[in-house]
Every structure is written in structure tokens, then in C-alpha cells.
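Reviewing the structure listed below.
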Amino acid sequence: MKARGIANAIIGIWFVIAPWLLGFSYDAGATSSSIVFGTLQVIMSFWGVSY
């Protein structure tokens with residue numbers, strides 16, 4: 001279960017940095033939604049690992 005939470009956190013971190021690595025940071029809507037959902041993914045994955 002802990003490995004799954006860590007993998008989910010890595011996916012969330014990818015969502016946060018993806019707009020700059022993939023080159024779509026010029027699109028404000030896509031960038032902001034990627035950052036918001038990536039941050040939520042990281043928070044929820046760490047919350048799931050802690051219980």
C-alpha cells in the first residue's frame with residue numbers, strides 16, 4: 001500500500017511539472033488545472049499513506 005501511495009505522489013509531481021517539460025505552459029487553463037490536480041494528487045496520496 002505504501003508503494004502505491006509513493007507512485008501516486010510521483011504521478012502528482014509529474015502533473016505539476018509537466019506544463020514546462022512538455023511545453024504547454026503558455027496555456028493558462030491547462031497549466032493551472034495540471035498544477036491543481038497534481039497538487040491534489042500529491043496531498044491525497046500522502047494522506048492515504050499516513051493511514
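Ligands are numbered from 1 in the order shown, chains are lettered A, B, ... in the order of the C-alpha cells, and residues start at 1 in each chain.
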
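Those residues that approach Gly12 of chain A to within 6 Å, counting only C-alpha atoms, are Ala9, Phe15, Gly38, Gln41 and Val42 of chain A; same-chain residues fewer than 3 positions away are not listed.
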
Can I get the selection written as a PDB file, in the first residue's frame, with all heavy atoms?
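Resulting contents of out.pdb:
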```
ATOM      1  N   ALA A   9       2.141   9.740  -5.638  1.00  0.00           N
ATOM      2  CA  ALA A   9       2.769  11.037  -5.379  1.00  0.00           C
ATOM      3  C   ALA A   9       3.694  11.426  -6.527  1.00  0.00           C
ATOM      4  O   ALA A   9       3.732  12.594  -6.932  1.00  0.00           O
ATOM      5  CB  ALA A   9       3.539  10.993  -4.066  1.00  0.00           C
ATOM      6  N   PHE A  15       2.439  15.751 -12.841  1.00  0.00           N
ATOM      7  CA  PHE A  15       1.396  16.669 -13.295  1.00  0.00           C
ATOM      8  C   PHE A  15       1.757  18.122 -12.999  1.00  0.00           C
ATOM      9  O   PHE A  15       1.427  19.015 -13.778  1.00  0.00           O
ATOM     10  CB  PHE A  15       0.051  16.341 -12.642  1.00  0.00           C
ATOM     11  CG  PHE A  15      -0.749  15.322 -13.387  1.00  0.00           C
ATOM     12  CD1 PHE A  15      -0.879  14.040 -12.894  1.00  0.00           C
ATOM     13  CD2 PHE A  15      -1.373  15.645 -14.569  1.00  0.00           C
ATOM     14  CE1 PHE A  15      -1.614  13.096 -13.566  1.00  0.00           C
ATOM     15  CE2 PHE A  15      -2.111  14.714 -15.256  1.00  0.00           C
ATOM     16  CZ  PHE A  15      -2.238  13.421 -14.763  1.00  0.00           C
ATOM     17  N   GLY A  38      -2.425  18.013  -9.893  1.00  0.00           N
ATOM     18  CA  GLY A  38      -1.198  17.382  -9.423  1.00  0.00           C
ATOM     19  C   GLY A  38      -0.983  17.586  -7.938  1.00  0.00           C
ATOM     20  O   GLY A  38      -0.591  16.665  -7.221  1.00  0.00           O
ATOM     21  N   GLN A  41      -3.347  15.414  -6.097  1.00  0.00           N
ATOM     22  CA  GLN A  41      -2.879  14.030  -6.179  1.00  0.00           C
ATOM     23  C   GLN A  41      -1.797  13.763  -5.135  1.00  0.00           C
ATOM     24  O   GLN A  41      -1.820  12.742  -4.446  1.00  0.00           O
ATOM     25  CB  GLN A  41      -2.337  13.756  -7.582  1.00  0.00           C
ATOM     26  CG  GLN A  41      -1.770  12.379  -7.777  1.00  0.00           C
ATOM     27  CD  GLN A  41      -2.835  11.340  -7.978  1.00  0.00           C
ATOM     28  OE1 GLN A  41      -3.954  11.660  -8.359  1.00  0.00           O
ATOM     29  NE2 GLN A  41      -2.498  10.108  -7.728  1.00  0.00           N
ATOM     30  N   VAL A  42      -0.851  14.681  -5.004  1.00  0.00           N
ATOM     31  CA  VAL A  42       0.228  14.508  -4.027  1.00  0.00           C
ATOM     32  C   VAL A  42      -0.328  14.524  -2.610  1.00  0.00           C
ATOM     33  O   VAL A  42       0.021  13.674  -1.781  1.00  0.00           O
ATOM     34  CB  VAL A  42       1.306  15.593  -4.212  1.00  0.00           C
ATOM     35  CG1 VAL A  42       2.309  15.568  -3.075  1.00  0.00           C
ATOM     36  CG2 VAL A  42       2.019  15.417  -5.538  1.00  0.00           C
TER      37      VAL A  42
END
```

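Residues in contact with segment 48-51 of chain A at up to 12 Å, not including ones fewer than 3 positions away on its chain and judged by only C-alpha atoms, are A:Met1, A:Lys2, A:Ala3, A:Arg4, A:Gly5, A:Ile6, A:Ala7, A:Asn8, A:Ala9, A:Leu40, A:Gln41, A:Val42, A:Ile43, A:Met44, A:Ser45.
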
Requested write-out: N, CA and C atoms of the selected residues, as a CSV table (one decimal), in the first residue's frame:
```
chain,number,residue,atom,x,y,z
A,1,MET,N,0.8,-1.2,0.0
A,1,MET,CA,0.0,0.0,0.0
A,1,MET,C,0.9,1.3,0.0
A,2,LYS,N,2.0,1.2,0.7
A,2,LYS,CA,2.8,2.4,0.8
A,2,LYS,C,3.5,2.6,-0.6
A,3,ALA,N,3.9,1.6,-1.3
A,3,ALA,CA,4.5,1.8,-2.6
A,3,ALA,C,3.5,2.4,-3.6
A,4,ARG,N,2.2,2.0,-3.5
A,4,ARG,CA,1.2,2.6,-4.3
A,4,ARG,C,1.0,4.1,-4.1
A,5,GLY,N,1.1,4.5,-2.8
A,5,GLY,CA,1.0,5.9,-2.4
A,5,GLY,C,2.1,6.7,-2.9
A,6,ILE,N,3.3,6.1,-2.8
A,6,ILE,CA,4.5,6.8,-3.3
A,6,ILE,C,4.4,7.0,-4.9
A,7,ALA,N,4.0,5.9,-5.5
A,7,ALA,CA,3.8,6.0,-7.0
A,7,ALA,C,2.8,7.1,-7.4
A,8,ASN,N,1.7,7.2,-6.6
A,8,ASN,CA,0.7,8.2,-6.9
A,8,ASN,C,1.3,9.6,-6.6
A,9,ALA,N,2.1,9.7,-5.6
A,9,ALA,CA,2.8,11.0,-5.4
A,9,ALA,C,3.7,11.4,-6.5
A,40,LEU,N,-3.4,18.2,-5.7
A,40,LEU,CA,-4.3,17.3,-5.0
A,40,LEU,C,-3.9,15.9,-5.0
A,41,GLN,N,-3.3,15.4,-6.1
A,41,GLN,CA,-2.9,14.0,-6.2
A,41,GLN,C,-1.8,13.8,-5.1
A,42,VAL,N,-0.9,14.7,-5.0
A,42,VAL,CA,0.2,14.5,-4.0
A,42,VAL,C,-0.3,14.5,-2.6
A,43,ILE,N,-1.2,15.5,-2.3
A,43,ILE,CA,-1.8,15.6,-1.0
A,43,ILE,C,-2.6,14.3,-0.6
A,44,MET,N,-3.4,13.9,-1.5
A,44,MET,CA,-4.2,12.7,-1.2
A,44,MET,C,-3.4,11.4,-1.1
A,45,SER,N,-2.3,11.3,-1.9
A,45,SER,CA,-1.5,10.1,-1.8
A,45,SER,C,-0.7,10.1,-0.5
```

Spatial neighbours of segment 30-33 of chain A, max dist 12 Å, only C-alpha atoms, sep filter under 2 positions, as a PDB file with all heavy atoms, in the first residue's frame:
```pdb
ATOM      1  N   GLY A  12       1.598  12.689  -9.273  1.00  0.00           N
ATOM      2  CA  GLY A  12       1.147  14.048  -8.976  1.00  0.00           C
ATOM      3  C   GLY A  12       2.237  15.079  -9.214  1.00  0.00           C
ATOM      4  O   GLY A  12       1.977  16.164  -9.745  1.00  0.00           O
ATOM      5  N   PHE A  15       2.439  15.751 -12.841  1.00  0.00           N
ATOM      6  CA  PHE A  15       1.396  16.669 -13.295  1.00  0.00           C
ATOM      7  C   PHE A  15       1.757  18.122 -12.999  1.00  0.00           C
ATOM      8  O   PHE A  15       1.427  19.015 -13.778  1.00  0.00           O
ATOM      9  CB  PHE A  15       0.051  16.341 -12.642  1.00  0.00           C
ATOM     10  CG  PHE A  15      -0.749  15.322 -13.387  1.00  0.00           C
ATOM     11  CD1 PHE A  15      -0.879  14.040 -12.894  1.00  0.00           C
ATOM     12  CD2 PHE A  15      -1.373  15.645 -14.569  1.00  0.00           C
ATOM     13  CE1 PHE A  15      -1.614  13.096 -13.566  1.00  0.00           C
ATOM     14  CE2 PHE A  15      -2.111  14.714 -15.256  1.00  0.00           C
ATOM     15  CZ  PHE A  15      -2.238  13.421 -14.763  1.00  0.00           C
ATOM     16  N   VAL A  16       2.431  18.368 -11.888  1.00  0.00           N
ATOM     17  CA  VAL A  16       2.803  19.742 -11.531  1.00  0.00           C
ATOM     18  C   VAL A  16       3.881  20.273 -12.470  1.00  0.00           C
ATOM     19  O   VAL A  16       3.828  21.427 -12.899  1.00  0.00           O
ATOM     20  CB  VAL A  16       3.252  19.809 -10.050  1.00  0.00           C
ATOM     21  CG1 VAL A  16       3.835  21.168  -9.728  1.00  0.00           C
ATOM     22  CG2 VAL A  16       2.081  19.514  -9.129  1.00  0.00           C
ATOM     23  N   ILE A  17       4.870  19.462 -12.829  1.00  0.00           N
ATOM     24  CA  ILE A  17       5.981  19.963 -13.643  1.00  0.00           C
ATOM     25  C   ILE A  17       5.782  19.743 -15.144  1.00  0.00           C
ATOM     26  O   ILE A  17       6.539  20.276 -15.957  1.00  0.00           O
ATOM     27  CB  ILE A  17       7.324  19.359 -13.195  1.00  0.00           C
ATOM     28  CG1 ILE A  17       7.336  17.848 -13.366  1.00  0.00           C
ATOM     29  CG2 ILE A  17       7.646  19.751 -11.780  1.00  0.00           C
ATOM     30  CD1 ILE A  17       8.687  17.209 -13.095  1.00  0.00           C
ATOM     31  N   ALA A  18       4.765  18.989 -15.529  1.00  0.00           N
ATOM     32  CA  ALA A  18       4.538  18.655 -16.937  1.00  0.00           C
ATOM     33  C   ALA A  18       4.340  19.859 -17.857  1.00  0.00           C
ATOM     34  O   ALA A  18       4.835  19.831 -18.987  1.00  0.00           O
ATOM     35  CB  ALA A  18       3.363  17.703 -17.067  1.00  0.00           C
ATOM     36  N   PRO A  19       3.642  20.921 -17.444  1.00  0.00           N
ATOM     37  CA  PRO A  19       3.450  22.028 -18.391  1.00  0.00           C
ATOM     38  C   PRO A  19       4.762  22.624 -18.914  1.00  0.00           C
ATOM     39  O   PRO A  19       4.847  23.006 -20.077  1.00  0.00           O
ATOM     40  CB  PRO A  19       2.671  23.069 -17.587  1.00  0.00           C
ATOM     41  CG  PRO A  19       1.948  22.273 -16.562  1.00  0.00           C
ATOM     42  CD  PRO A  19       2.864  21.142 -16.224  1.00  0.00           C
ATOM     43  N   TRP A  20       5.774  22.662 -18.083  1.00  0.00           N
ATOM     44  CA  TRP A  20       7.051  23.221 -18.515  1.00  0.00           C
ATOM     45  C   TRP A  20       7.890  22.205 -19.266  1.00  0.00           C
ATOM     46  O   TRP A  20       8.583  22.553 -20.201  1.00  0.00           O
ATOM     47  CB  TRP A  20       7.804  23.776 -17.306  1.00  0.00           C
ATOM     48  CG  TRP A  20       7.090  24.953 -16.750  1.00  0.00           C
ATOM     49  CD1 TRP A  20       7.177  26.247 -17.169  1.00  0.00           C
ATOM     50  CD2 TRP A  20       6.133  24.950 -15.687  1.00  0.00           C
ATOM     51  NE1 TRP A  20       6.333  27.045 -16.436  1.00  0.00           N
ATOM     52  CE2 TRP A  20       5.680  26.276 -15.513  1.00  0.00           C
ATOM     53  CE3 TRP A  20       5.615  23.956 -14.870  1.00  0.00           C
ATOM     54  CZ2 TRP A  20       4.745  26.629 -14.560  1.00  0.00           C
ATOM     55  CZ3 TRP A  20       4.673  24.304 -13.915  1.00  0.00           C
ATOM     56  CH2 TRP A  20       4.255  25.623 -13.774  1.00  0.00           C
ATOM     57  N   LEU A  21       7.808  20.957 -18.873  1.00  0.00           N
ATOM     58  CA  LEU A  21       8.590  19.927 -19.556  1.00  0.00           C
ATOM     59  C   LEU A  21       8.008  19.569 -20.919  1.00  0.00           C
ATOM     60  O   LEU A  21       8.753  19.252 -21.848  1.00  0.00           O
ATOM     61  CB  LEU A  21       8.692  18.666 -18.688  1.00  0.00           C
ATOM     62  CG  LEU A  21       9.509  18.814 -17.413  1.00  0.00           C
ATOM     63  CD1 LEU A  21       9.486  17.505 -16.629  1.00  0.00           C
ATOM     64  CD2 LEU A  21      10.943  19.193 -17.728  1.00  0.00           C
ATOM     65  N   LEU A  22       6.705  19.614 -21.046  1.00  0.00           N
ATOM     66  CA  LEU A  22       6.060  19.256 -22.305  1.00  0.00           C
ATOM     67  C   LEU A  22       5.755  20.465 -23.182  1.00  0.00           C
ATOM     68  O   LEU A  22       5.304  20.310 -24.313  1.00  0.00           O
ATOM     69  CB  LEU A  22       4.773  18.467 -22.032  1.00  0.00           C
ATOM     70  CG  LEU A  22       4.978  17.141 -21.302  1.00  0.00           C
ATOM     71  CD1 LEU A  22       3.630  16.469 -21.049  1.00  0.00           C
ATOM     72  CD2 LEU A  22       5.897  16.226 -22.082  1.00  0.00           C
ATOM     73  N   GLY A  23       5.968  21.664 -22.650  1.00  0.00           N
ATOM     74  CA  GLY A  23       5.862  22.867 -23.459  1.00  0.00           C
ATOM     75  C   GLY A  23       4.468  23.427 -23.643  1.00  0.00           C
ATOM     76  O   GLY A  23       4.203  24.090 -24.643  1.00  0.00           O
ATOM     77  N   PHE A  24       3.550  23.208 -22.723  1.00  0.00           N
ATOM     78  CA  PHE A  24       2.237  23.838 -22.855  1.00  0.00           C
ATOM     79  C   PHE A  24       1.971  24.828 -21.729  1.00  0.00           C
ATOM     80  O   PHE A  24       0.828  25.102 -21.393  1.00  0.00           O
ATOM     81  CB  PHE A  24       1.109  22.798 -22.964  1.00  0.00           C
ATOM     82  CG  PHE A  24       0.912  21.897 -21.773  1.00  0.00           C
ATOM     83  CD1 PHE A  24       0.039  22.246 -20.760  1.00  0.00           C
ATOM     84  CD2 PHE A  24       1.595  20.697 -21.680  1.00  0.00           C
ATOM     85  CE1 PHE A  24      -0.162  21.410 -19.671  1.00  0.00           C
ATOM     86  CE2 PHE A  24       1.395  19.859 -20.607  1.00  0.00           C
ATOM     87  CZ  PHE A  24       0.521  20.217 -19.599  1.00  0.00           C
ATOM     88  N   SER A  25       3.040  25.412 -21.185  1.00  0.00           N
ATOM     89  CA  SER A  25       2.875  26.377 -20.102  1.00  0.00           C
ATOM     90  C   SER A  25       2.296  27.709 -20.585  1.00  0.00           C
ATOM     91  O   SER A  25       1.872  28.517 -19.768  1.00  0.00           O
ATOM     92  CB  SER A  25       4.218  26.618 -19.410  1.00  0.00           C
ATOM     93  OG  SER A  25       5.157  27.146 -20.312  1.00  0.00           O
ATOM     94  N   TYR A  26       2.256  27.935 -21.890  1.00  0.00           N
ATOM     95  CA  TYR A  26       1.653  29.162 -22.423  1.00  0.00           C
ATOM     96  C   TYR A  26       0.132  29.156 -22.263  1.00  0.00           C
ATOM     97  O   TYR A  26      -0.493  30.202 -22.266  1.00  0.00           O
ATOM     98  CB  TYR A  26       2.009  29.318 -23.914  1.00  0.00           C
ATOM     99  CG  TYR A  26       1.512  28.190 -24.768  1.00  0.00           C
ATOM    100  CD1 TYR A  26       0.230  28.222 -25.311  1.00  0.00           C
ATOM    101  CD2 TYR A  26       2.299  27.075 -25.023  1.00  0.00           C
ATOM    102  CE1 TYR A  26      -0.249  27.183 -26.080  1.00  0.00           C
ATOM    103  CE2 TYR A  26       1.844  26.033 -25.794  1.00  0.00           C
ATOM    104  CZ  TYR A  26       0.568  26.095 -26.320  1.00  0.00           C
ATOM    105  OH  TYR A  26       0.103  25.056 -27.070  1.00  0.00           O
ATOM    106  N   ASP A  27      -0.457  27.974 -22.119  1.00  0.00           N
ATOM    107  CA  ASP A  27      -1.903  27.846 -21.976  1.00  0.00           C
ATOM    108  C   ASP A  27      -2.256  27.893 -20.490  1.00  0.00           C
ATOM    109  O   ASP A  27      -2.021  26.938 -19.749  1.00  0.00           O
ATOM    110  CB  ASP A  27      -2.364  26.535 -22.596  1.00  0.00           C
ATOM    111  CG  ASP A  27      -3.874  26.398 -22.638  1.00  0.00           C
ATOM    112  OD1 ASP A  27      -4.579  27.305 -22.179  1.00  0.00           O
ATOM    113  OD2 ASP A  27      -4.335  25.355 -23.144  1.00  0.00           O
ATOM    114  N   ALA A  28      -2.788  29.025 -20.045  1.00  0.00           N
ATOM    115  CA  ALA A  28      -3.034  29.235 -18.614  1.00  0.00           C
ATOM    116  C   ALA A  28      -4.028  28.233 -18.038  1.00  0.00           C
ATOM    117  O   ALA A  28      -3.850  27.754 -16.916  1.00  0.00           O
ATOM    118  CB  ALA A  28      -3.542  30.661 -18.385  1.00  0.00           C
ATOM    119  N   ILE A  35      -1.526  21.906 -12.450  1.00  0.00           N
ATOM    120  CA  ILE A  35      -0.926  22.185 -11.146  1.00  0.00           C
ATOM    121  C   ILE A  35      -1.910  21.857 -10.021  1.00  0.00           C
ATOM    122  O   ILE A  35      -1.542  21.230  -9.020  1.00  0.00           O
ATOM    123  CB  ILE A  35      -0.455  23.643 -11.063  1.00  0.00           C
ATOM    124  CG1 ILE A  35       0.737  23.854 -11.987  1.00  0.00           C
ATOM    125  CG2 ILE A  35      -0.105  24.037  -9.633  1.00  0.00           C
ATOM    126  CD1 ILE A  35       1.152  25.303 -12.149  1.00  0.00           C
ATOM    127  N   VAL A  36      -3.159  22.244 -10.179  1.00  0.00           N
ATOM    128  CA  VAL A  36      -4.160  21.993  -9.135  1.00  0.00           C
ATOM    129  C   VAL A  36      -4.370  20.495  -8.943  1.00  0.00           C
ATOM    130  O   VAL A  36      -4.320  19.982  -7.818  1.00  0.00           O
ATOM    131  CB  VAL A  36      -5.493  22.694  -9.471  1.00  0.00           C
ATOM    132  CG1 VAL A  36      -6.622  22.192  -8.602  1.00  0.00           C
ATOM    133  CG2 VAL A  36      -5.337  24.192  -9.331  1.00  0.00           C
ATOM    134  N   PHE A  37      -4.581  19.762 -10.033  1.00  0.00           N
ATOM    135  CA  PHE A  37      -4.843  18.328  -9.907  1.00  0.00           C
ATOM    136  C   PHE A  37      -3.594  17.565  -9.468  1.00  0.00           C
ATOM    137  O   PHE A  37      -3.693  16.578  -8.734  1.00  0.00           O
ATOM    138  CB  PHE A  37      -5.402  17.762 -11.204  1.00  0.00           C
ATOM    139  CG  PHE A  37      -6.812  18.209 -11.464  1.00  0.00           C
ATOM    140  CD1 PHE A  37      -7.128  18.871 -12.629  1.00  0.00           C
ATOM    141  CD2 PHE A  37      -7.804  17.979 -10.536  1.00  0.00           C
ATOM    142  CE1 PHE A  37      -8.422  19.292 -12.872  1.00  0.00           C
ATOM    143  CE2 PHE A  37      -9.109  18.400 -10.764  1.00  0.00           C
ATOM    144  CZ  PHE A  37      -9.414  19.051 -11.944  1.00  0.00           C
ATOM    145  N   GLY A  38      -2.425  18.013  -9.893  1.00  0.00           N
ATOM    146  CA  GLY A  38      -1.198  17.382  -9.423  1.00  0.00           C
ATOM    147  C   GLY A  38      -0.983  17.586  -7.938  1.00  0.00           C
ATOM    148  O   GLY A  38      -0.591  16.665  -7.221  1.00  0.00           O
ATOM    149  N   THR A  39      -1.254  18.786  -7.463  1.00  0.00           N
ATOM    150  CA  THR A  39      -1.120  19.074  -6.033  1.00  0.00           C
ATOM    151  C   THR A  39      -2.123  18.252  -5.223  1.00  0.00           C
ATOM    152  O   THR A  39      -1.773  17.688  -4.178  1.00  0.00           O
ATOM    153  CB  THR A  39      -1.332  20.572  -5.772  1.00  0.00           C
ATOM    154  OG1 THR A  39      -0.391  21.311  -6.565  1.00  0.00           O
ATOM    155  CG2 THR A  39      -1.139  20.910  -4.313  1.00  0.00           C
ATOM    156  N   LEU A  40      -3.351  18.171  -5.698  1.00  0.00           N
ATOM    157  CA  LEU A  40      -4.348  17.335  -5.021  1.00  0.00           C
ATOM    158  C   LEU A  40      -3.926  15.871  -5.009  1.00  0.00           C
ATOM    159  O   LEU A  40      -4.114  15.171  -4.009  1.00  0.00           O
ATOM    160  CB  LEU A  40      -5.707  17.486  -5.690  1.00  0.00           C
ATOM    161  CG  LEU A  40      -6.442  18.793  -5.435  1.00  0.00           C
ATOM    162  CD1 LEU A  40      -7.699  18.857  -6.297  1.00  0.00           C
ATOM    163  CD2 LEU A  40      -6.795  18.920  -3.972  1.00  0.00           C
ATOM    164  N   GLN A  41      -3.347  15.414  -6.097  1.00  0.00           N
ATOM    165  CA  GLN A  41      -2.879  14.030  -6.179  1.00  0.00           C
ATOM    166  C   GLN A  41      -1.797  13.763  -5.135  1.00  0.00           C
ATOM    167  O   GLN A  41      -1.820  12.742  -4.446  1.00  0.00           O
ATOM    168  CB  GLN A  41      -2.337  13.756  -7.582  1.00  0.00           C
ATOM    169  CG  GLN A  41      -1.770  12.379  -7.777  1.00  0.00           C
ATOM    170  CD  GLN A  41      -2.835  11.340  -7.978  1.00  0.00           C
ATOM    171  OE1 GLN A  41      -3.954  11.660  -8.359  1.00  0.00           O
ATOM    172  NE2 GLN A  41      -2.498  10.108  -7.728  1.00  0.00           N
TER     173      GLN A  41
END
```
